[in-house]
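Novice: Take this structure, written in structure tokens, and hold onto it; I'll ask about it next.
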Amino acid sequence: MKFFFKTKLIFWVVFLANLTESKAQTGPPVCKIHYGYDVSGNRIKREYKCERSWLPTDFGTSHTIFTKVFPNPTTGVITGTFSEPIGGEAGGAFITVTTMGGIVVFQQAYNQVMSSVSLDITQQIPGQYLLTVSAFNKIETYVITKF
């Protein structure tokens, strides 16, 4: 019986600590029970964890920088459409295209007002490339396949 009350007290202390911590964020805490198992499949651990949930307002007006990147796979010219116009007060964008080995094949900063951008990688050999874009205080990476 003593163990039960001690466990319940620890639960409420952890729950209230996470609740007050999450009030700084906009989303309420999401609490779940997590189990741990040994190699034989026997449950050996039980934890109660509270995590903050994020609402779309935490990320600004949009979750993504590009609404679409097309065509993918491509023969060389890639077009990315921004979720909202860049440039001006919104700030610019910085785009890098690298090989899977990390070699930079394209790098460009965009500061003018625009809603889409076209990248030309026709001179590159066929394979997969990483398109990394930084805008709106976010960084996203897309995998592009070139024929």
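Residues in the structure tokens are named by chain (A, B, ... in the order shown) and by number from 1 within that chain; ligands are numbered from 1 in the order shown.
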Extract, using only C-alpha atoms, all DNA, RNA and protein residues at most 12 Å from region 35-38 of chain A, discarding same-chain residues fewer than 6 positions from it, and format them as a list of chain:residue names.

Specialist: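 Everything that qualifies: A:Ile44, A:Lys45, A:Arg46, A:Glu47, A:Tyr48, A:Lys49.
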
Novice: How about saving the chosen residues, N, CA and C atoms kept, as a PDB file, in the first residue's frame?

Specialist:
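Now in selection_15.pdb:
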ATOM      1  N   ILE A  44       9.542  -5.238 -18.328  1.00  0.00           N
ATOM      2  CA  ILE A  44      10.398  -5.000 -17.174  1.00  0.00           C
ATOM      3  C   ILE A  44      10.352  -3.541 -16.717  1.00  0.00           C
ATOM      4  N   LYS A  45       9.737  -2.667 -17.492  1.00  0.00           N
ATOM      5  CA  LYS A  45       9.757  -1.256 -17.148  1.00  0.00           C
ATOM      6  C   LYS A  45       8.457  -0.594 -17.588  1.00  0.00           C
ATOM      7  N   ARG A  46       7.950   0.296 -16.749  1.00  0.00           N
ATOM      8  CA  ARG A  46       6.747   1.059 -17.063  1.00  0.00           C
ATOM      9  C   ARG A  46       6.999   2.503 -16.664  1.00  0.00           C
ATOM     10  N   GLU A  47       6.867   3.431 -17.635  1.00  0.00           N
ATOM     11  CA  GLU A  47       7.096   4.839 -17.375  1.00  0.00           C
ATOM     12  C   GLU A  47       5.898   5.649 -17.844  1.00  0.00           C
ATOM     13  N   TYR A  48       5.623   6.689 -17.120  1.00  0.00           N
ATOM     14  CA  TYR A  48       4.578   7.618 -17.502  1.00  0.00           C
ATOM     15  C   TYR A  48       5.259   8.894 -17.963  1.00  0.00           C
ATOM     16  N   LYS A  49       5.119   9.244 -19.250  1.00  0.00           N
ATOM     17  CA  LYS A  49       5.793  10.403 -19.815  1.00  0.00           C
ATOM     18  C   LYS A  49       4.774  11.395 -20.348  1.00  0.00           C
TER      19      LYS A  49
END

Novice: Please provide as a JSON list (two decimals) with N, CA and C atoms, in the first residue's frame all residues within 9 Å of region 77-81 of chain A, with the sequence filter that same-chain residues fewer than 2 positions apart are discarded (counting only C-alpha atoms).

Specialist:
[["chain", "number", "residue", "atom", "x", "y", "z"],
["A", 65, "ILE", "N", 8.34, 24.96, -45.97],
["A", 65, "ILE", "CA", 8.86, 26.08, -46.76],
["A", 65, "ILE", "C", 8.34, 25.98, -48.18],
["A", 66, "PHE", "N", 8.48, 24.79, -48.80],
["A", 66, "PHE", "CA", 7.97, 24.55, -50.14],
["A", 66, "PHE", "C", 6.63, 23.83, -50.04],
["A", 67, "THR", "N", 5.64, 24.26, -50.82],
["A", 67, "THR", "CA", 4.40, 23.49, -50.90],
["A", 67, "THR", "C", 4.57, 22.31, -51.84],
["A", 68, "LYS", "N", 5.41, 22.50, -52.88],
["A", 68, "LYS", "CA", 5.73, 21.38, -53.77],
["A", 68, "LYS", "C", 7.07, 21.61, -54.45],
["A", 69, "VAL", "N", 7.74, 20.50, -54.72],
["A", 69, "VAL", "CA", 8.99, 20.48, -55.46],
["A", 69, "VAL", "C", 8.77, 19.53, -56.62],
["A", 70, "PHE", "N", 8.87, 20.02, -57.85],
["A", 70, "PHE", "CA", 8.53, 19.20, -59.00],
["A", 70, "PHE", "C", 9.42, 19.53, -60.18],
["A", 71, "PRO", "N", 9.57, 18.73, -61.19],
["A", 71, "PRO", "CA", 9.22, 17.31, -61.20],
["A", 71, "PRO", "C", 10.26, 16.51, -60.42],
["A", 72, "ASN", "N", 9.82, 15.50, -59.80],
["A", 72, "ASN", "CA", 10.71, 14.61, -59.06],
["A", 72, "ASN", "C", 10.24, 13.19, -59.28],
["A", 74, "THR", "N", 13.52, 14.05, -61.98],
["A", 74, "THR", "CA", 13.68, 15.11, -62.96],
["A", 74, "THR", "C", 14.78, 14.77, -63.96],
["A", 75, "THR", "N", 14.78, 15.50, -65.06],
["A", 75, "THR", "CA", 15.86, 15.38, -66.03],
["A", 75, "THR", "C", 16.86, 16.51, -65.86],
["A", 83, "SER", "N", 5.63, 28.21, -49.81],
["A", 83, "SER", "CA", 4.31, 28.24, -49.18],
["A", 83, "SER", "C", 3.79, 29.67, -49.01],
["A", 84, "GLU", "N", 4.71, 30.62, -48.90],
["A", 84, "GLU", "CA", 4.37, 32.03, -48.90],
["A", 84, "GLU", "C", 5.53, 32.78, -49.54],
["A", 85, "PRO", "N", 5.30, 33.94, -50.13],
["A", 85, "PRO", "CA", 6.39, 34.63, -50.84],
["A", 85, "PRO", "C", 7.57, 34.95, -49.93],
["A", 115, "SER", "N", 7.74, 33.82, -55.42],
["A", 115, "SER", "CA", 6.91, 32.76, -54.85],
["A", 115, "SER", "C", 7.35, 31.38, -55.32],
["A", 116, "SER", "N", 8.27, 31.32, -56.29],
["A", 116, "SER", "CA", 8.80, 30.03, -56.73],
["A", 116, "SER", "C", 10.22, 30.23, -57.23],
["A", 117, "VAL", "N", 10.96, 29.13, -57.32],
["A", 117, "VAL", "CA", 12.34, 29.19, -57.77],
["A", 117, "VAL", "C", 12.61, 27.97, -58.65],
["A", 118, "SER", "N", 13.43, 28.15, -59.68],
["A", 118, "SER", "CA", 13.83, 27.04, -60.56],
["A", 118, "SER", "C", 15.32, 26.81, -60.43],
["A", 119, "LEU", "N", 15.71, 25.56, -60.30],
["A", 119, "LEU", "CA", 17.11, 25.17, -60.16],
["A", 119, "LEU", "C", 17.49, 24.28, -61.32],
["A", 120, "ASP", "N", 18.66, 24.52, -61.91],
["A", 120, "ASP", "CA", 19.11, 23.76, -63.06],
["A", 120, "ASP", "C", 20.27, 22.85, -62.66],
["A", 121, "ILE", "N", 20.02, 21.54, -62.68],
["A", 121, "ILE", "CA", 21.09, 20.57, -62.40],
["A", 121, "ILE", "C", 21.29, 19.63, -63.59],
["A", 122, "THR", "N", 21.07, 20.16, -64.81],
["A", 122, "THR", "CA", 21.20, 19.33, -66.01],
["A", 122, "THR", "C", 22.64, 18.86, -66.22],
["A", 144, "ILE", "N", 15.99, 14.62, -54.17],
["A", 144, "ILE", "CA", 15.68, 14.79, -55.59],
["A", 144, "ILE", "C", 16.39, 13.68, -56.37]]
